[in-house]
Amino acid sequence: MNRRLLAAAIGLAALIAAAPNADGVQAPSSSLVLFPDRVFDGERMHEGWAVVVSGDTIVYAGSDADVHVTTEDARALDLSGTTLIPGLIEGHSHLLLHPYDETSWTDQVLRESLAERTARAVAHASATLRAGVTTVRDLGTEGAGFADVGIKAAINKGVIPGPRMLIATKALVTTGSYGPRGAPEYHFPKGAEAADGVDDLARKTRDQIGRGADWIKVYADYRWGPDGSAQPTFTQRELELIVEIASSSGRPVVAHASTTEGMRRAVLAGVRTIEHGDGGNAEVFALMAEHGVALCPTLAAGDAILQYGGWNKATDPEPARIQAKRASFALALAAGVEICFGGDVGVYPHGDNVRELELMHQYGMGRNEVLQAATAGNAAIFGLGRLGSIVAGQLADMVVVEGDPLQDLTALRHVRMVVKNGDVVHEDATWN
């Protein structure tokens, strides 16, 4: 029997063992049985539910009245006062960056060694997992080459703790558009890989794929206008070529785009998500909705950068940039654009991922919709069919938080337990 058929047979046997019958659900041996106050299944909240895990798989999620623990080696946990949610899926992370109020982006790229940046990423991965994020889409190493390939492998092999990773390696930019910059007579290392024209783009896109990229990231615009303004970078044909090559390998494309024209070109080229989207208007958001392109608004990044620059949120009026971001986000919601949970974490501290979810709510999304975006929504956008929901047959990635996030999203900050692939990978030792 081949490995896929064997895995399917084992999964089916576990499901049959835990299937409801006249006597209820018998928890399999060596299983994890959770009894929280409520369970968010990725779409809606349920009270009075229990969840049974066998191996790496959820084998039952439903009424706790039907669950019976009959084996001594099944671990049953009374989680009164808590909510069980799917493992959060972060859509825009940079594990190889740390907050810009500690060290500027330019100095990180030019002055910090690859060894230091990788060591920091190990700590960042651990903090991310402890915060309840069990999967991240990491969108570029920002000058650290293919270091994300090794970090992902180390996590997968159990060498270091961390979330499962979807990686974009170097990312693609046009010559002349990206930093770091300096005197024109010098050539500085860049935070992404420059590529231009059909042959160069084809070769470098394929090289990133061959080195381990799960997604191809492209900068559809950047701050390279004559006055430092954001302007489109790649032509329509170049963007279409990147998407064509990536798609032929089974990989999606993600576009950094903050201008209306950059967003329009990226949508028409066939990207799956657009990051930032600050300059989006009603027409381009309608185009995104029509083509099924999701938006990662990265609200928390701009919020953090303005605070680093001196904005006091408690006392100062909102800057024009924040007001404009609120307006563009409202337009995206009104157009029915899929919203991705992705905050550009790394600009602000890893482990503080919930900051983006709180801002999504403050900017107009309902709490249930915010939770959906961070779980089942991102799983659908990223093609993660067995993640993002608490349903029998899904991988057991789950988080126990104290309180009810549908009443107060700050409950997501009170992580008491993290389960990844059926293993308890973090428990709050101070929690009773």
# chains A, B, ... in the order shown; residues from 1 in each chain; ligands from 1
call {"tool": "residues_around", "arguments": {"residues": "Gly279 (chain A)", "least_positions_apart": "4", "cutoff": "8 Å", "atoms": "only C-alpha atoms", "output": "PyMOL selection string"}}
result
chain A and resi 258-260+328
call {"tool": "select_by_dssp", "arguments": {"residues": "region 78-235 of chain A", "states": "alpha helix (DSSP H)", "output": "ChimeraX atom specification"}}
result
/A:105-111,114-130,147-156,197-211
call {"tool": "write_last_selection", "arguments": {"atoms": "C-alpha atoms", "output": "JSON list (two decimals), in the first residue's frame"}}
result
[["chain", "number", "residue", "atom", "x", "y", "z"],
["A", 105, "TRP", "CA", 15.20, 48.37, 7.94],
["A", 106, "THR", "CA", 18.29, 49.64, 6.07],
["A", 107, "ASP", "CA", 20.64, 48.83, 8.94],
["A", 108, "GLN", "CA", 19.12, 45.37, 9.33],
["A", 109, "VAL", "CA", 19.77, 44.64, 5.65],
["A", 110, "LEU", "CA", 23.26, 46.17, 5.52],
["A", 111, "ARG", "CA", 24.73, 45.82, 9.01],
["A", 114, "LEU", "CA", 23.04, 36.55, 8.21],
["A", 115, "ALA", "CA", 23.88, 34.55, 11.35],
["A", 116, "GLU", "CA", 22.38, 37.22, 13.62],
["A", 117, "ARG", "CA", 19.29, 37.60, 11.47],
["A", 118, "THR", "CA", 18.73, 33.85, 11.40],
["A", 119, "ALA", "CA", 19.17, 33.62, 15.18],
["A", 120, "ARG", "CA", 16.61, 36.37, 15.61],
["A", 121, "ALA", "CA", 14.24, 34.52, 13.28],
["A", 122, "VAL", "CA", 14.46, 31.43, 15.48],
["A", 123, "ALA", "CA", 13.34, 33.51, 18.46],
["A", 124, "HIS", "CA", 10.64, 35.17, 16.36],
["A", 125, "ALA", "CA", 9.27, 31.79, 15.23],
["A", 126, "SER", "CA", 8.99, 30.61, 18.83],
["A", 127, "ALA", "CA", 7.22, 33.83, 19.92],
["A", 128, "THR", "CA", 4.83, 33.53, 16.99],
["A", 129, "LEU", "CA", 3.86, 29.96, 17.91],
["A", 130, "ARG", "CA", 3.35, 30.87, 21.58],
["A", 147, "ALA", "CA", 17.44, 31.78, 4.87],
["A", 148, "ASP", "CA", 13.69, 31.18, 5.14],
["A", 149, "VAL", "CA", 14.15, 27.83, 3.36],
["A", 150, "GLY", "CA", 16.40, 26.62, 6.17],
["A", 151, "ILE", "CA", 14.20, 28.02, 8.94],
["A", 152, "LYS", "CA", 11.17, 26.28, 7.45],
["A", 153, "ALA", "CA", 13.08, 22.99, 7.22],
["A", 154, "ALA", "CA", 14.30, 23.30, 10.82],
["A", 155, "ILE", "CA", 10.72, 23.80, 12.05],
["A", 156, "ASN", "CA", 9.42, 20.89, 9.97],
["A", 197, "GLY", "CA", 12.56, 41.73, -19.01],
["A", 198, "VAL", "CA", 11.30, 38.39, -20.20],
["A", 199, "ASP", "CA", 14.46, 36.28, -19.99],
["A", 200, "ASP", "CA", 15.70, 37.66, -16.67],
["A", 201, "LEU", "CA", 12.31, 37.42, -15.02],
["A", 202, "ALA", "CA", 11.75, 33.89, -16.23],
["A", 203, "ARG", "CA", 15.14, 32.73, -15.00],
["A", 204, "LYS", "CA", 14.90, 34.36, -11.55],
["A", 205, "THR", "CA", 11.29, 33.34, -10.96],
["A", 206, "ARG", "CA", 12.20, 29.75, -11.74],
["A", 207, "ASP", "CA", 15.31, 29.98, -9.58],
["A", 208, "GLN", "CA", 13.28, 31.08, -6.56],
["A", 209, "ILE", "CA", 10.82, 28.26, -7.20],
["A", 210, "GLY", "CA", 13.66, 25.76, -7.48],
["A", 211, "ARG", "CA", 15.24, 26.98, -4.23]]
call {"tool": "closest_residue", "arguments": {"among": "A:Gln236, A:Glu283, A:Val267, A:Tyr348", "to": "Gly302 (chain A)", "atoms": "only C-alpha atoms"}}
result
A:Tyr348
call {"tool": "residues_around", "arguments": {"residues": "region 182-194 of chain A", "least_positions_apart": "2", "cutoff": "7 Å", "atoms": "only C-alpha atoms", "output": "list in words"}}
result
Val109, Glu142, Gly143, Lys170, Ala171, Leu172, Val173, Thr174, Thr175, Tyr178, Gly179, Pro180 and Asp196 of chain A
call {"tool": "write_last_selection", "arguments": {"atoms": "N, CA and C atoms", "output": "compact mmCIF listing (two decimals), in the first residue's frame"}}
result
# COMPACT_ATOMS: atom_id res chain seq x y z
N VAL A 109 19.34 45.25 6.91
CA VAL A 109 19.77 44.64 5.65
C VAL A 109 21.28 44.76 5.45
N GLU A 142 14.01 39.86 2.87
CA GLU A 142 14.52 41.24 2.97
C GLU A 142 16.04 41.27 3.11
N GLY A 143 16.69 40.71 2.11
CA GLY A 143 18.15 40.75 2.06
C GLY A 143 18.84 39.55 2.68
N LYS A 170 13.36 35.40 -1.80
CA LYS A 170 13.91 36.74 -2.00
C LYS A 170 12.90 37.80 -2.41
N ALA A 171 11.83 37.41 -3.12
CA ALA A 171 10.88 38.34 -3.74
C ALA A 171 11.53 39.03 -4.95
N LEU A 172 10.69 39.55 -5.84
CA LEU A 172 11.15 40.14 -7.10
C LEU A 172 10.85 41.62 -7.16
N VAL A 173 11.84 42.41 -7.56
CA VAL A 173 11.70 43.84 -7.76
C VAL A 173 12.33 44.23 -9.09
N THR A 174 12.01 45.41 -9.57
CA THR A 174 12.69 45.91 -10.76
C THR A 174 13.99 46.59 -10.36
N THR A 175 14.94 46.57 -11.27
CA THR A 175 16.19 47.29 -11.06
C THR A 175 15.88 48.77 -10.79
N TYR A 178 14.18 49.37 -5.52
CA TYR A 178 14.17 48.93 -4.12
C TYR A 178 15.44 49.38 -3.42
N GLY A 179 15.44 49.32 -2.11
CA GLY A 179 16.58 49.71 -1.30
C GLY A 179 17.37 48.49 -0.83
N PRO A 180 18.40 48.77 -0.04
CA PRO A 180 18.89 50.07 0.39
C PRO A 180 19.51 50.87 -0.76
N ASP A 196 14.50 41.98 -14.64
CA ASP A 196 13.91 42.84 -15.66
C ASP A 196 13.80 42.09 -16.98
call {"tool": "residues_around", "arguments": {"residues": "Phe329 (chain A)", "least_positions_apart": "5", "cutoff": "9 Å", "atoms": "only C-alpha atoms", "output": "number ranges by chain"}}
result
A: 277-278, 280, 297, 299, 324, 334, 360, 363-364
call {"tool": "write_last_selection", "arguments": {"atoms": "C-alpha atoms", "output": "PDB file, in the first residue's frame"}}
result
ATOM      1  CA  GLY A 277      -3.606  48.406  -1.024  1.00  0.00           C
ATOM      2  CA  ASP A 278      -3.424  51.921   0.423  1.00  0.00           C
ATOM      3  CA  GLY A 280      -7.190  51.423  -3.740  1.00  0.00           C
ATOM      4  CA  PRO A 297      -4.351  45.394   4.394  1.00  0.00           C
ATOM      5  CA  LEU A 299      -3.106  47.915   9.061  1.00  0.00           C
ATOM      6  CA  ALA A 324      -6.843  57.404   4.401  1.00  0.00           C
ATOM      7  CA  ALA A 334     -18.014  47.576   0.775  1.00  0.00           C
ATOM      8  CA  MET A 360      -9.379  45.094  11.508  1.00  0.00           C
ATOM      9  CA  TYR A 363     -11.634  49.722  11.121  1.00  0.00           C
ATOM     10  CA  GLY A 364     -15.023  48.155  10.495  1.00  0.00           C
TER      11      GLY A 364
END
call {"tool": "residues_around", "arguments": {"residues": "Arg237 (chain A)", "least_positions_apart": "3", "cutoff": "12 Å", "atoms": "only C-alpha atoms", "output": "PyMOL selection string"}}
result
chain A and resi 196-198+201+220+233-234+240-244+265-266+268-270
call {"tool": "write_last_selection", "arguments": {"atoms": "N, CA and C atoms", "output": "PDB file, in the first residue's frame"}}
result
ATOM      1  N   ASP A 196      14.497  41.976 -14.638  1.00  0.00           N
ATOM      2  CA  ASP A 196      13.914  42.842 -15.662  1.00  0.00           C
ATOM      3  C   ASP A 196      13.805  42.089 -16.984  1.00  0.00           C
ATOM      4  N   GLY A 197      12.705  42.309 -17.687  1.00  0.00           N
ATOM      5  CA  GLY A 197      12.560  41.732 -19.014  1.00  0.00           C
ATOM      6  C   GLY A 197      12.239  40.250 -18.967  1.00  0.00           C
ATOM      7  N   VAL A 198      11.835  39.737 -20.119  1.00  0.00           N
ATOM      8  CA  VAL A 198      11.297  38.386 -20.196  1.00  0.00           C
ATOM      9  C   VAL A 198      12.310  37.335 -19.738  1.00  0.00           C
ATOM     10  N   LEU A 201      13.416  37.745 -15.915  1.00  0.00           N
ATOM     11  CA  LEU A 201      12.310  37.423 -15.018  1.00  0.00           C
ATOM     12  C   LEU A 201      12.013  35.931 -15.001  1.00  0.00           C
ATOM     13  N   ALA A 220       4.734  45.190  -7.295  1.00  0.00           N
ATOM     14  CA  ALA A 220       4.073  45.791  -8.458  1.00  0.00           C
ATOM     15  C   ALA A 220       4.232  47.297  -8.499  1.00  0.00           C
ATOM     16  N   THR A 233       5.982  49.507 -11.084  1.00  0.00           N
ATOM     17  CA  THR A 233       7.321  49.029 -11.439  1.00  0.00           C
ATOM     18  C   THR A 233       7.244  48.142 -12.683  1.00  0.00           C
ATOM     19  N   PHE A 234       6.829  46.907 -12.532  1.00  0.00           N
ATOM     20  CA  PHE A 234       6.765  45.983 -13.657  1.00  0.00           C
ATOM     21  C   PHE A 234       5.648  46.368 -14.626  1.00  0.00           C
ATOM     22  N   GLU A 240       2.303  39.514 -15.923  1.00  0.00           N
ATOM     23  CA  GLU A 240       1.617  38.334 -16.466  1.00  0.00           C
ATOM     24  C   GLU A 240       2.588  37.170 -16.651  1.00  0.00           C
ATOM     25  N   LEU A 241       3.819  37.462 -17.047  1.00  0.00           N
ATOM     26  CA  LEU A 241       4.814  36.413 -17.225  1.00  0.00           C
ATOM     27  C   LEU A 241       5.145  35.750 -15.890  1.00  0.00           C
ATOM     28  N   ILE A 242       5.324  36.553 -14.845  1.00  0.00           N
ATOM     29  CA  ILE A 242       5.623  36.005 -13.517  1.00  0.00           C
ATOM     30  C   ILE A 242       4.507  35.074 -13.074  1.00  0.00           C
ATOM     31  N   VAL A 243       3.261  35.521 -13.244  1.00  0.00           N
ATOM     32  CA  VAL A 243       2.114  34.698 -12.849  1.00  0.00           C
ATOM     33  C   VAL A 243       2.050  33.428 -13.686  1.00  0.00           C
ATOM     34  N   GLU A 244       2.314  33.562 -14.976  1.00  0.00           N
ATOM     35  CA  GLU A 244       2.268  32.395 -15.867  1.00  0.00           C
ATOM     36  C   GLU A 244       3.286  31.342 -15.445  1.00  0.00           C
ATOM     37  N   ARG A 265      -2.874  46.523 -12.357  1.00  0.00           N
ATOM     38  CA  ARG A 265      -2.040  45.638 -13.164  1.00  0.00           C
ATOM     39  C   ARG A 265      -1.903  44.258 -12.510  1.00  0.00           C
ATOM     40  N   ALA A 266      -1.704  44.250 -11.196  1.00  0.00           N
ATOM     41  CA  ALA A 266      -1.517  42.976 -10.499  1.00  0.00           C
ATOM     42  C   ALA A 266      -2.778  42.115 -10.568  1.00  0.00           C
ATOM     43  N   LEU A 268      -5.166  42.178 -12.878  1.00  0.00           N
ATOM     44  CA  LEU A 268      -5.358  41.693 -14.242  1.00  0.00           C
ATOM     45  C   LEU A 268      -4.321  40.638 -14.611  1.00  0.00           C
ATOM     46  N   ALA A 269      -3.163  40.687 -13.951  1.00  0.00           N
ATOM     47  CA  ALA A 269      -2.129  39.679 -14.227  1.00  0.00           C
ATOM     48  C   ALA A 269      -2.470  38.333 -13.597  1.00  0.00           C
ATOM     49  N   GLY A 270      -3.333  38.333 -12.573  1.00  0.00           N
ATOM     50  CA  GLY A 270      -3.753  37.068 -11.986  1.00  0.00           C
ATOM     51  C   GLY A 270      -3.147  36.731 -10.639  1.00  0.00           C
TER      52      GLY A 270
END
call {"tool": "residues_around", "arguments": {"residues": "Gly87 (chain A)", "least_positions_apart": "6", "cutoff": "6 Å", "atoms": "only C-alpha atoms", "output": "PyMOL selection string"}}
result
chain A and resi 133-134+397-399
call {"tool": "write_last_selection", "arguments": {"atoms": "N, CA and C atoms", "output": "short mmCIF file (atom, residue, chain, number, x, y, z; two decimals), in the first residue's frame"}}
result
data_model
loop_
_atom_site.label_atom_id
_atom_site.label_comp_id
_atom_site.auth_asym_id
_atom_site.auth_seq_id
_atom_site.Cartn_x
_atom_site.Cartn_y
_atom_site.Cartn_z
N VAL A 133 -0.27 31.47 16.73
CA VAL A 133 -0.16 31.43 15.27
C VAL A 133 0.56 30.15 14.88
N THR A 134 -0.16 29.23 14.27
CA THR A 134 0.44 27.94 13.93
C THR A 134 0.87 27.84 12.47
N ASP A 397 -4.64 21.71 14.62
CA ASP A 397 -4.01 22.98 14.96
C ASP A 397 -5.05 23.81 15.68
N MET A 398 -4.86 24.05 16.99
CA MET A 398 -5.88 24.72 17.78
C MET A 398 -5.22 25.56 18.87
N VAL A 399 -5.98 26.55 19.34
CA VAL A 399 -5.50 27.45 20.38
C VAL A 399 -6.58 27.60 21.44
#
call {"tool": "atom_distance", "arguments": {"atom1": "CA of Arg137 (chain A)", "atom2": "CA of His92 (chain A)"}}
result
5.7 Å
call {"tool": "closest_atom_pairs", "arguments": {"of": "region 257-329 of chain A", "to": "region 374-384 of chain A", "cutoff": "9 Å", "atoms": "only C-alpha atoms", "output": "CSV"}}
result
residue,atom,partner,partner_atom,distance
A:Arg272,CA,A:Ile381,CA,7.8
A:Thr273,CA,A:Ile381,CA,8.2
A:Val293,CA,A:Ile381,CA,9.0
A:Ala294,CA,A:Ile381,CA,7.4
call {"tool": "write_last_selection", "arguments": {"atoms": "N, CA and C atoms", "output": "mmCIF file, in the first residue's frame"}}
result
data_model
loop_
_atom_site.group_PDB
_atom_site.id
_atom_site.type_symbol
_atom_site.label_atom_id
_atom_site.label_comp_id
_atom_site.auth_asym_id
_atom_site.auth_seq_id
_atom_site.Cartn_x
_atom_site.Cartn_y
_atom_site.Cartn_z
ATOM 1 N N ARG A 272 -2.905 36.281 -6.547
ATOM 2 C CA ARG A 272 -3.911 35.784 -5.605
ATOM 3 C C ARG A 272 -4.211 36.781 -4.501
ATOM 4 N N THR A 273 -3.192 37.487 -4.010
ATOM 5 C CA THR A 273 -3.430 38.501 -2.981
ATOM 6 C C THR A 273 -2.644 39.760 -3.286
ATOM 7 N N VAL A 293 -9.472 38.318 -5.977
ATOM 8 C CA VAL A 293 -8.163 38.660 -5.413
ATOM 9 C C VAL A 293 -8.368 39.188 -3.996
ATOM 10 N N ALA A 294 -7.670 38.616 -3.036
ATOM 11 C CA ALA A 294 -7.827 39.009 -1.638
ATOM 12 C C ALA A 294 -6.886 40.155 -1.288
#
call {"tool": "residues_around", "arguments": {"residues": "Glu402 (chain A)", "least_positions_apart": "6", "cutoff": "9 Å", "atoms": "only C-alpha atoms", "output": "number ranges by chain"}}
result
A: 79-84, 411-416
call {"tool": "select_by_dssp", "arguments": {"residues": "region 177-270 of chain A", "states": "strand (DSSP E)", "output": "JSON, numbers by chain"}}
result
{"A": [193, 194, 216, 217, 218, 219, 221, 222, 223, 230, 231, 232, 253, 254, 255, 256, 257]}
call {"tool": "write_last_selection", "arguments": {"atoms": "C-alpha atoms", "output": "compact mmCIF listing (two decimals), in the first residue's frame"}}
result
# COMPACT_ATOMS: atom_id res chain seq x y z
CA GLU A 193 16.05 40.29 -6.11
CA ALA A 194 16.09 42.64 -9.10
CA ILE A 216 6.30 34.19 -5.61
CA LYS A 217 6.20 37.74 -4.30
CA VAL A 218 6.45 40.66 -6.70
CA TYR A 219 6.63 44.37 -6.02
CA ASP A 221 4.94 49.30 -7.34
CA TYR A 222 7.37 51.03 -5.03
CA ARG A 223 8.57 54.44 -3.88
CA ALA A 230 5.04 55.20 -5.09
CA GLN A 231 4.78 54.35 -8.78
CA PRO A 232 4.22 51.12 -10.76
CA VAL A 253 1.72 35.04 -6.75
CA VAL A 254 1.39 37.75 -4.15
CA ALA A 255 1.88 41.41 -5.06
CA HIS A 256 3.03 44.32 -2.95
CA ALA A 257 0.88 47.12 -4.36
call {"tool": "decode", "arguments": {"residues": "region 409-426 of chain A", "atoms": "N, CA and C atoms", "output": "compact mmCIF listing (two decimals), in the first residue's frame"}}
result
# COMPACT_ATOMS: atom_id res chain seq x y z
N LEU A 409 -11.97 40.97 21.50
CA LEU A 409 -10.87 40.35 20.75
C LEU A 409 -9.58 40.28 21.54
N THR A 410 -9.44 41.07 22.60
CA THR A 410 -8.21 40.98 23.39
C THR A 410 -8.09 39.62 24.07
N ALA A 411 -9.18 38.84 24.10
CA ALA A 411 -9.08 37.46 24.61
C ALA A 411 -8.03 36.68 23.84
N LEU A 412 -7.81 37.03 22.58
CA LEU A 412 -6.82 36.32 21.76
C LEU A 412 -5.40 36.53 22.27
N ARG A 413 -5.21 37.52 23.12
CA ARG A 413 -3.90 37.76 23.71
C ARG A 413 -3.64 36.86 24.92
N HIS A 414 -4.68 36.23 25.43
CA HIS A 414 -4.55 35.41 26.63
C HIS A 414 -4.51 33.93 26.23
N VAL A 415 -3.41 33.56 25.59
CA VAL A 415 -3.25 32.20 25.08
C VAL A 415 -2.85 31.28 26.23
N ARG A 416 -3.61 30.22 26.42
CA ARG A 416 -3.34 29.27 27.49
C ARG A 416 -2.75 27.95 26.98
N MET A 417 -3.02 27.63 25.74
CA MET A 417 -2.48 26.39 25.18
C MET A 417 -2.47 26.50 23.66
N VAL A 418 -1.43 25.92 23.06
CA VAL A 418 -1.33 25.85 21.60
C VAL A 418 -1.09 24.40 21.20
N VAL A 419 -1.91 23.92 20.28
CA VAL A 419 -1.78 22.56 19.74
C VAL A 419 -1.45 22.68 18.26
N LYS A 420 -0.41 22.00 17.85
CA LYS A 420 -0.01 21.99 16.43
C LYS A 420 0.21 20.54 16.01
N ASN A 421 -0.45 20.13 14.95
CA ASN A 421 -0.35 18.75 14.48
C ASN A 421 -0.67 17.74 15.59
N GLY A 422 -1.60 18.10 16.46
CA GLY A 422 -2.01 17.20 17.52
C GLY A 422 -1.14 17.21 18.76
N ASP A 423 -0.02 17.92 18.72
CA ASP A 423 0.89 18.00 19.86
C ASP A 423 0.68 19.31 20.61
N VAL A 424 0.66 19.22 21.94
CA VAL A 424 0.61 20.43 22.75
C VAL A 424 2.00 21.04 22.74
N VAL A 425 2.16 22.16 22.03
CA VAL A 425 3.48 22.77 21.84
C VAL A 425 3.72 23.95 22.77
N HIS A 426 2.66 24.38 23.44
CA HIS A 426 2.81 25.47 24.42
C HIS A 426 1.67 25.40 25.41
